[in-house]
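Asks: model_33.cif is reproduced below (mmCIF, C-alpha atoms).
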```cif
data_target
#
loop_
_atom_site.label_atom_id
_atom_site.label_comp_id
_atom_site.auth_asym_id
_atom_site.auth_seq_id
_atom_site.Cartn_x
_atom_site.Cartn_y
_atom_site.Cartn_z
CA MET S 1 0.00 0.00 0.00
CA ASN S 2 2.84 2.36 0.89
CA ASN S 3 4.53 1.57 -2.38
CA GLN S 4 1.41 2.54 -4.29
CA THR S 5 1.12 5.77 -2.31
CA ASP S 6 4.77 6.60 -2.95
CA TYR S 7 4.33 5.89 -6.63
CA GLU S 8 1.30 8.20 -6.84
CA TRP S 9 3.17 10.94 -4.97
CA ILE S 10 6.16 10.65 -7.33
CA GLU S 11 3.85 10.72 -10.35
CA LYS S 12 2.04 13.82 -9.09
CA THR S 13 5.36 15.53 -8.33
CA ALA S 14 6.63 14.74 -11.83
CA LYS S 15 3.42 16.12 -13.35
CA ARG S 16 3.73 19.30 -11.27
CA ARG S 17 7.33 19.79 -12.32
CA LYS S 18 6.40 19.24 -15.96
CA ALA S 19 3.53 21.71 -15.68
CA VAL S 20 5.78 24.33 -14.07
CA LYS S 21 8.45 23.75 -16.71
CA ASN S 22 5.92 24.09 -19.54
CA ALA S 23 4.49 27.22 -17.93
CA VAL S 24 7.94 28.84 -17.73
CA ILE S 25 8.69 27.90 -21.33
CA TYR S 26 5.36 29.29 -22.59
CA ILE S 27 5.80 32.51 -20.59
CA PHE S 28 9.30 32.96 -22.00
CA LEU S 29 8.12 32.24 -25.56
CA SER S 30 5.18 34.64 -25.14
CA ILE S 31 7.46 37.44 -23.96
CA TRP S 32 9.89 36.71 -26.80
CA GLY S 33 7.03 36.65 -29.31
CA LEU S 34 5.77 40.03 -28.09
CA MET S 35 9.28 41.48 -28.42
CA VAL S 36 9.56 40.19 -31.98
CA LEU S 37 6.07 41.29 -33.05
CA PHE S 38 6.10 44.70 -31.35
CA PRO S 39 8.03 46.47 -34.19
CA PHE S 40 5.41 45.24 -36.68
CA TYR S 41 2.61 46.47 -34.42
CA TRP S 42 4.31 49.84 -34.03
CA MET S 43 4.83 50.10 -37.79
CA ILE S 44 1.15 49.45 -38.50
CA LEU S 45 0.01 51.74 -35.66
CA SER S 46 2.19 54.59 -36.89
CA SER S 47 0.91 54.15 -40.44
CA ILE S 48 -2.71 54.82 -39.40
CA LYS S 49 -1.93 57.94 -37.37
CA SER S 50 -2.23 61.35 -38.96
CA TYR S 51 0.91 63.43 -39.26
CA SER S 52 -0.41 66.03 -36.83
CA ALA S 53 -1.40 63.39 -34.27
CA TYR S 54 1.95 61.65 -34.54
CA SER S 55 3.91 64.91 -34.24
CA SER S 56 1.91 66.09 -31.21
CA GLU S 57 2.74 62.98 -29.17
CA TYR S 58 5.50 63.98 -26.78
CA ILE S 59 5.05 60.57 -25.16
CA PRO S 60 4.35 57.83 -27.74
CA LYS S 61 0.90 56.26 -27.43
CA PHE S 62 0.36 52.56 -28.04
CA PHE S 63 -3.09 53.07 -29.60
CA THR S 64 -5.05 55.62 -31.60
CA LEU S 65 -8.71 56.61 -31.44
CA SER S 66 -8.73 58.30 -34.84
CA PRO S 67 -7.12 55.99 -37.43
CA THR S 68 -6.71 57.26 -40.98
CA MET S 69 -5.82 55.68 -44.31
CA GLN S 70 -4.58 58.95 -45.80
CA ASN S 71 -0.97 57.88 -45.35
CA TYR S 72 -1.50 54.90 -47.65
CA ALA S 73 -2.93 57.17 -50.34
CA GLU S 74 0.10 59.45 -50.03
CA ALA S 75 2.45 56.48 -50.31
CA PHE S 76 1.13 55.74 -53.82
CA THR S 77 0.82 59.36 -54.98
CA ALA S 78 4.05 60.92 -53.68
CA VAL S 79 6.15 58.60 -55.86
CA PRO S 80 5.24 55.95 -58.50
CA LEU S 81 5.13 53.15 -55.92
CA GLY S 82 2.92 51.05 -58.22
CA ARG S 83 5.65 51.05 -60.89
CA TYR S 84 8.22 50.07 -58.28
CA PHE S 85 6.00 47.14 -57.39
CA LEU S 86 5.81 46.00 -61.02
CA ASN S 87 9.59 46.37 -61.41
CA THR S 88 10.18 44.34 -58.28
CA LEU S 89 7.69 41.68 -59.37
CA PHE S 90 9.39 41.29 -62.76
CA PHE S 91 12.86 41.28 -61.21
CA THR S 92 11.82 38.69 -58.60
CA LEU S 93 10.08 36.31 -61.01
CA ALA S 94 12.74 36.51 -63.72
CA THR S 95 15.65 36.11 -61.30
CA THR S 96 14.03 33.23 -59.44
CA ALA S 97 13.11 31.36 -62.63
CA LEU S 98 16.58 31.70 -64.16
CA MET S 99 18.26 30.76 -60.89
CA MET S 100 16.17 27.60 -60.54
CA VAL S 101 17.26 26.44 -63.99
CA VAL S 102 20.93 27.08 -63.17
CA ILE S 103 21.00 25.48 -59.71
CA ILE S 104 18.92 22.43 -60.71
CA LEU S 105 21.26 21.61 -63.59
CA ALA S 106 24.35 22.30 -61.48
CA ALA S 107 23.11 20.22 -58.53
CA PHE S 108 22.22 17.34 -60.85
CA ALA S 109 25.66 17.43 -62.45
CA PHE S 110 27.46 17.38 -59.10
CA SER S 111 25.23 14.69 -57.61
CA ARG S 112 24.80 12.21 -60.49
CA LEU S 113 27.15 12.85 -63.39
CA ALA S 114 30.68 11.44 -63.33
CA PHE S 115 33.39 13.67 -64.76
CA ARG S 116 37.07 14.23 -64.05
CA GLY S 117 37.81 16.62 -61.18
CA LYS S 118 34.20 16.79 -59.98
CA ASN S 119 35.07 16.82 -56.29
CA LEU S 120 37.79 19.41 -56.79
CA VAL S 121 35.51 21.66 -58.82
CA PHE S 122 32.78 21.38 -56.20
CA ALA S 123 35.26 22.15 -53.39
CA LEU S 124 36.43 25.25 -55.27
CA PHE S 125 32.80 26.14 -55.84
CA LEU S 126 32.08 25.94 -52.11
CA SER S 127 35.14 28.05 -51.37
CA LEU S 128 33.38 30.96 -53.08
CA MET S 129 31.15 31.15 -50.00
CA MET S 130 34.22 32.33 -48.07
CA ILE S 131 34.59 35.46 -50.21
CA PRO S 132 33.02 38.56 -48.58
CA ASN S 133 29.91 39.74 -50.34
CA GLU S 134 31.36 43.24 -50.65
CA LEU S 135 34.14 41.97 -52.90
CA VAL S 136 31.64 40.13 -55.09
CA ILE S 137 29.53 43.27 -55.42
CA ILE S 138 32.56 45.30 -56.52
CA THR S 139 33.50 42.69 -59.14
CA ASN S 140 29.92 42.46 -60.39
CA TYR S 141 29.64 46.24 -60.58
CA VAL S 142 32.79 46.56 -62.69
CA THR S 143 31.68 43.71 -64.97
CA ILE S 144 28.15 45.02 -65.48
CA THR S 145 29.43 48.55 -66.07
CA ASP S 146 31.99 47.38 -68.63
CA LEU S 147 29.23 45.50 -70.46
CA GLY S 148 27.11 48.65 -70.56
CA LEU S 149 24.27 47.06 -68.61
CA ARG S 150 23.75 49.69 -65.93
CA ASN S 151 20.17 50.96 -65.62
CA SER S 152 18.73 47.83 -67.17
CA PHE S 153 16.86 44.77 -65.94
CA THR S 154 19.58 42.59 -67.44
CA GLY S 155 22.16 44.25 -65.22
CA LEU S 156 19.89 43.84 -62.21
CA ILE S 157 19.17 40.17 -62.84
CA LEU S 158 22.42 38.60 -64.11
CA PRO S 159 24.48 38.65 -60.88
CA SER S 160 21.65 36.98 -58.95
CA ILE S 161 20.89 33.94 -61.12
CA THR S 162 23.11 31.56 -59.21
CA SER S 163 23.77 30.67 -55.59
CA VAL S 164 26.46 28.38 -54.21
CA PHE S 165 24.45 27.72 -51.07
CA TYR S 166 21.30 26.69 -52.96
CA ILE S 167 23.32 24.44 -55.26
CA TYR S 168 24.86 22.76 -52.22
CA LEU S 169 21.46 22.38 -50.54
CA LEU S 170 19.87 20.88 -53.65
CA LYS S 171 22.87 18.64 -54.33
CA GLU S 172 22.54 17.13 -50.84
CA ASN S 173 18.85 16.55 -51.49
CA PHE S 174 19.50 14.91 -54.85
CA GLU S 175 22.12 12.63 -53.33
CA ALA S 176 19.55 11.42 -50.79
CA ILE S 177 17.61 9.86 -53.68
CA PRO S 178 18.75 6.22 -54.15
CA GLU S 179 21.26 5.94 -56.96
CA GLU S 180 19.68 2.63 -57.96
CA LEU S 181 16.79 4.59 -59.46
CA TYR S 182 19.23 6.45 -61.70
CA LYS S 183 20.99 3.26 -62.79
CA ALA S 184 17.67 1.55 -63.51
CA ALA S 185 16.55 4.54 -65.56
CA LYS S 186 19.78 4.48 -67.58
CA VAL S 187 19.31 0.76 -68.25
CA ASP S 188 15.84 1.55 -69.60
CA GLY S 189 17.35 4.11 -71.94
CA THR S 190 16.06 7.18 -70.09
CA SER S 191 18.03 10.34 -70.79
CA ASP S 192 19.52 12.39 -67.95
CA LEU S 193 17.18 15.31 -68.63
CA LYS S 194 14.08 13.09 -68.62
CA TYR S 195 15.21 11.40 -65.39
CA LEU S 196 15.79 14.80 -63.80
CA LEU S 197 12.37 16.12 -64.81
CA ARG S 198 10.34 12.98 -64.05
CA VAL S 199 12.08 11.58 -60.97
CA MET S 200 14.44 13.92 -59.14
CA ILE S 201 12.47 17.16 -59.34
CA PRO S 202 9.14 15.64 -58.15
CA ILE S 203 10.87 13.87 -55.24
CA SER S 204 12.75 17.04 -54.27
CA GLN S 205 9.69 19.28 -54.52
CA PRO S 206 9.69 20.38 -50.82
CA THR S 207 13.28 21.60 -51.06
CA LEU S 208 12.64 23.29 -54.41
CA VAL S 209 9.61 25.10 -53.00
CA THR S 210 11.70 26.24 -50.04
CA ILE S 211 14.44 27.56 -52.31
CA ILE S 212 11.92 29.40 -54.47
CA ILE S 213 10.31 31.08 -51.46
CA LEU S 214 13.64 32.07 -49.93
CA LYS S 215 14.84 33.46 -53.26
CA VAL S 216 11.63 35.45 -53.71
CA ILE S 217 12.12 36.97 -50.26
CA GLU S 218 15.77 37.70 -51.05
CA CYS S 219 14.91 39.42 -54.34
CA TRP S 220 12.05 41.39 -52.85
CA ASN S 221 14.30 42.72 -50.07
CA SER S 222 17.28 43.38 -52.35
CA TYR S 223 18.63 46.86 -51.72
CA VAL S 224 22.39 47.29 -52.10
CA TRP S 225 22.81 45.94 -55.63
CA PRO S 226 19.77 47.68 -57.19
CA ARG S 227 20.76 50.91 -55.46
CA LEU S 228 24.30 50.58 -56.82
CA ILE S 229 23.56 49.59 -60.40
CA THR S 230 20.56 51.85 -61.10
CA ASP S 231 20.08 55.59 -60.78
CA ASP S 232 17.15 55.75 -63.18
CA ALA S 233 13.78 55.79 -61.39
CA HIS S 234 12.29 53.67 -64.20
CA TYR S 235 14.25 50.68 -62.84
CA PHE S 236 13.83 51.29 -59.11
CA LEU S 237 12.60 48.44 -56.94
CA VAL S 238 10.40 48.84 -53.87
CA SER S 239 13.43 48.78 -51.57
CA ASN S 240 14.91 51.71 -53.47
CA GLY S 241 11.48 53.29 -53.63
CA ILE S 242 11.52 53.67 -49.86
CA GLN S 243 14.63 55.83 -50.13
CA GLU S 244 13.09 57.76 -53.00
CA ILE S 245 9.97 58.37 -50.92
CA ARG S 246 12.11 59.58 -48.05
CA GLU S 247 14.18 61.95 -50.19
CA ASN S 248 11.79 63.20 -52.88
CA GLY S 249 8.33 62.12 -51.70
CA PHE S 250 6.74 63.43 -48.53
CA GLY S 251 9.95 64.22 -46.68
CA ARG S 252 12.01 62.77 -43.89
CA GLU S 253 9.74 64.00 -41.08
CA ASN S 254 6.49 62.42 -42.27
CA ILE S 255 7.05 59.17 -40.41
CA PRO S 256 3.41 57.93 -40.62
CA ALA S 257 3.42 58.10 -44.44
CA MET S 258 6.81 56.38 -44.50
CA MET S 259 5.47 53.61 -42.24
CA ALA S 260 2.46 53.21 -44.56
CA ALA S 261 4.80 52.63 -47.51
CA VAL S 262 6.82 50.11 -45.49
CA VAL S 263 3.62 48.24 -44.54
CA VAL S 264 2.52 48.05 -48.17
CA ILE S 265 5.92 46.71 -49.21
CA SER S 266 6.16 44.22 -46.31
CA VAL S 267 2.69 42.67 -46.52
CA PRO S 268 3.36 40.42 -49.58
CA LEU S 269 6.38 38.81 -47.90
CA ILE S 270 4.61 38.37 -44.58
CA VAL S 271 1.66 36.68 -46.29
CA LEU S 272 4.02 34.51 -48.37
CA PHE S 273 5.89 33.34 -45.29
CA LEU S 274 2.74 32.66 -43.27
CA VAL S 275 1.22 30.61 -46.10
CA PHE S 276 4.34 28.54 -46.83
CA ARG S 277 6.08 28.47 -43.44
CA LYS S 278 5.55 24.71 -43.02
CA LYS S 279 7.00 23.98 -46.46
CA ILE S 280 10.01 26.17 -45.68
CA MET S 281 10.74 24.32 -42.44
CA ALA S 282 10.14 20.91 -44.05
CA GLY S 283 12.33 21.71 -47.04
CA VAL S 284 15.26 22.99 -44.97
CA SER S 285 15.16 19.99 -42.61
CA ARG S 286 14.87 17.59 -45.57
CA GLY S 287 17.77 19.25 -47.38
CA GLY S 288 20.01 18.79 -44.35
CA THR S 289 19.17 15.10 -43.86
CA LYS S 290 20.52 12.25 -45.95
CA GLY S 291 19.48 8.64 -45.98
#
```
Now that the file is in, can you turn its structure into structure tokens?

Replies:
Amino acid sequence: MNNQTDYEWIEKTAKRRKAVKNAVIYIFLSIWGLMVLFPFYWMILSSIKSYSAYSSEYIPKFFTLSPTMQNYAEAFTAVPLGRYFLNTLFFTLATTALMMVVIILAAFAFSRLAFRGKNLVFALFLSLMMIPNELVIITNYVTITDLGLRNSFTGLILPSITSVFYIYLLKENFEAIPEELYKAAKVDGTSDLKYLLRVMIPISQPTLVTIIILKVIECWNSYVWPRLITDDAHYFLVSNGIQEIRENGFGRENIPAMMAAVVVISVPLIVLFLVFRKKIMAGVSRGGTKG
């Protein structure tokens, strides 16, 4: 009887400790979540305040009783923000599509094809990740300028159509596919391209979707290279449009209108991530696991 009582007491104690531990973890995660989400809340709150109301707040208020959408109207009328959106959409889709073709073919070659010096070439390829991005930007700038491609979509897109990291990620995913399938396909007379399209790409779809989403986010947020290679407003992206709004739109002091423009630019990426967050996590974990 005592043994049963002791067992029940131990079980209750363990449950209490687990409950306390879970409570501490959830409290910590809730506080962390509020810290992460607060800048987004403040951005949206500022965007719906009038300029006069925002300027008159000596102590910032965490709510407003008179929201306005005027700032969003100014964001589209002060500068051609709609055109910047279309430029960014074209740049993002074209860059992502071309990059997918390049990295899929490269990853397939490194994972399945046999050629002399493959391991050495791949090692040298990976070593490019050690080069600072600033040096790459300088080299790309000189090359694009010498080719006369400044202030053009070609000049914007070309330096971004490959990625060593994505090739490595996709190569690891391709290598996780049993090689026996490839040998069986070759015995049946299937070409490499047909095997890639019908077998490897469908199996690797989660990783490919992840790469596409991450590349879209990268292109949409691109700032340094577009700012460097273009000074013609006809080729500005939304990231450069923010600077244009700040300098030539409604001024540096109109923070609510600036926040409205930032909200408009940020919403597509936030929605994209929320919709595909599970695929992103699944694709990254799958790409890092072999077997």

Asks: Record the distance separating CA of Leu158 (chain S) and CA of Ile144 (chain S), expressed in Å with one decimal.

Replies: 8.7 Å

Asks: List as CSV every residue of region 65-146 of chain S that is in contact with region 204-211 of chain S, defined as an atom at most 10 Å from one of its atoms (using only C-alpha atoms), together with the nearest atom pair and the distance in Å rounded to one decimal, sorted by chain and then rising number.

Replies:
```
residue,atom,partner,partner_atom,distance
S:Thr96,CA,S:Ile211,CA,9.1
S:Met99,CA,S:Ile211,CA,9.9
S:Met100,CA,S:Leu208,CA,8.3
S:Ile104,CA,S:Leu208,CA,8.9
```

Asks: Any chance you could tabulate, as a tab-separated table, the residues of region 63-116 of chain S at most 8 Å from region 259-278 of chain S with each one's nearest atom pair and distance in Å to one decimal, using all atoms listed in the file, in chain and rising number order?

Replies:
```
residue	atom	partner	partner_atom	distance
S:Asn71	CA	S:Ala260	CA	5.8
S:Tyr72	CA	S:Ala260	CA	5.3
S:Ala75	CA	S:Ala261	CA	5.3
S:Phe76	CA	S:Ala261	CA	7.9
```

Asks: Please produce a file of those selected residues containing C-alpha atoms, as a PDB file, in the frame of the given file.

Replies:
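Contents of the output file selection_22.pdb:
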```
ATOM      1  CA  ASN S  71      -0.970  57.880 -45.350  1.00  0.00           C
ATOM      2  CA  TYR S  72      -1.500  54.900 -47.650  1.00  0.00           C
ATOM      3  CA  ALA S  75       2.450  56.480 -50.310  1.00  0.00           C
ATOM      4  CA  PHE S  76       1.130  55.740 -53.820  1.00  0.00           C
TER       5      PHE S  76
END
```

Asks: Need the shell around region 146-152 of chain S: protein/DNA/RNA residues with any atom at most 12 Å away, counting only C-alpha atoms. Skip same-chain ones fewer than 4 positions apart. Format as a list in words?

Replies: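 The filter keeps Asn87, Phe91, Thr139, Asn140, Tyr141, Val142, Leu156, Ile157, Leu158, Pro159, Trp225, Pro226, Arg227, Leu228, Ile229, Thr230, Asp231, Asp232, Ala233, His234, Tyr235, Phe236 and Leu237 of chain S.
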
Asks: Mind writing the picked residues with C-alpha atoms as a CSV table (one decimal), keeping the file's coordinate frame?

Replies:
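After the write, again_3.csv holds the following:
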```csv
chain,number,residue,atom,x,y,z
S,87,ASN,CA,9.6,46.4,-61.4
S,91,PHE,CA,12.9,41.3,-61.2
S,139,THR,CA,33.5,42.7,-59.1
S,140,ASN,CA,29.9,42.5,-60.4
S,141,TYR,CA,29.6,46.2,-60.6
S,142,VAL,CA,32.8,46.6,-62.7
S,156,LEU,CA,19.9,43.8,-62.2
S,157,ILE,CA,19.2,40.2,-62.8
S,158,LEU,CA,22.4,38.6,-64.1
S,159,PRO,CA,24.5,38.6,-60.9
S,225,TRP,CA,22.8,45.9,-55.6
S,226,PRO,CA,19.8,47.7,-57.2
S,227,ARG,CA,20.8,50.9,-55.5
S,228,LEU,CA,24.3,50.6,-56.8
S,229,ILE,CA,23.6,49.6,-60.4
S,230,THR,CA,20.6,51.8,-61.1
S,231,ASP,CA,20.1,55.6,-60.8
S,232,ASP,CA,17.2,55.8,-63.2
S,233,ALA,CA,13.8,55.8,-61.4
S,234,HIS,CA,12.3,53.7,-64.2
S,235,TYR,CA,14.2,50.7,-62.8
S,236,PHE,CA,13.8,51.3,-59.1
S,237,LEU,CA,12.6,48.4,-56.9
```

Asks: Quick one, how far is CA of Tyr58 (chain S) from CA of Trp42 (chain S)?

Replies: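 Here the two named atoms are 15.9 Å from each other.
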
Asks: Go through S:Phe125, S:Phe28, S:Trp220, S:Tyr51 one by one, measure the shortest atom-to-atom distance of each to Gly241 (chain S) using all atoms listed in the file, and give the residue with the smallest value.

Replies: S:Trp220

Asks: Env of region 162-177 of chain S: 7 Å cut, atoms = all atoms listed in the file, seq-sep filter 5 positions within chain, self excluded. Answer as a list in words.

Replies: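 What passes the distance filter is Met99, Val102, Ile103, Ala106, Ala107, Phe108, Phe110, Ser111, Phe125, Leu126, Met129, Met200, Ser204, Ile211, Gly287, Lys290 and Gly291 of chain S.
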
Asks: Would you work out the distance separating CA of Val216 (chain S) from CA of Leu113 (chain S), expressed in Å to one decimal?

Replies: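 That distance, rounded to one decimal, is 29.1 Å.
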
Asks: Under the rule that only C-alpha atoms are counted, which of S:Val238, S:Glu74, S:Val121, S:Ser50 is the nearest residue to Leu86 (chain S)?

Replies: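 Answer, going by the shortest atom-to-atom distance: S:Val238.
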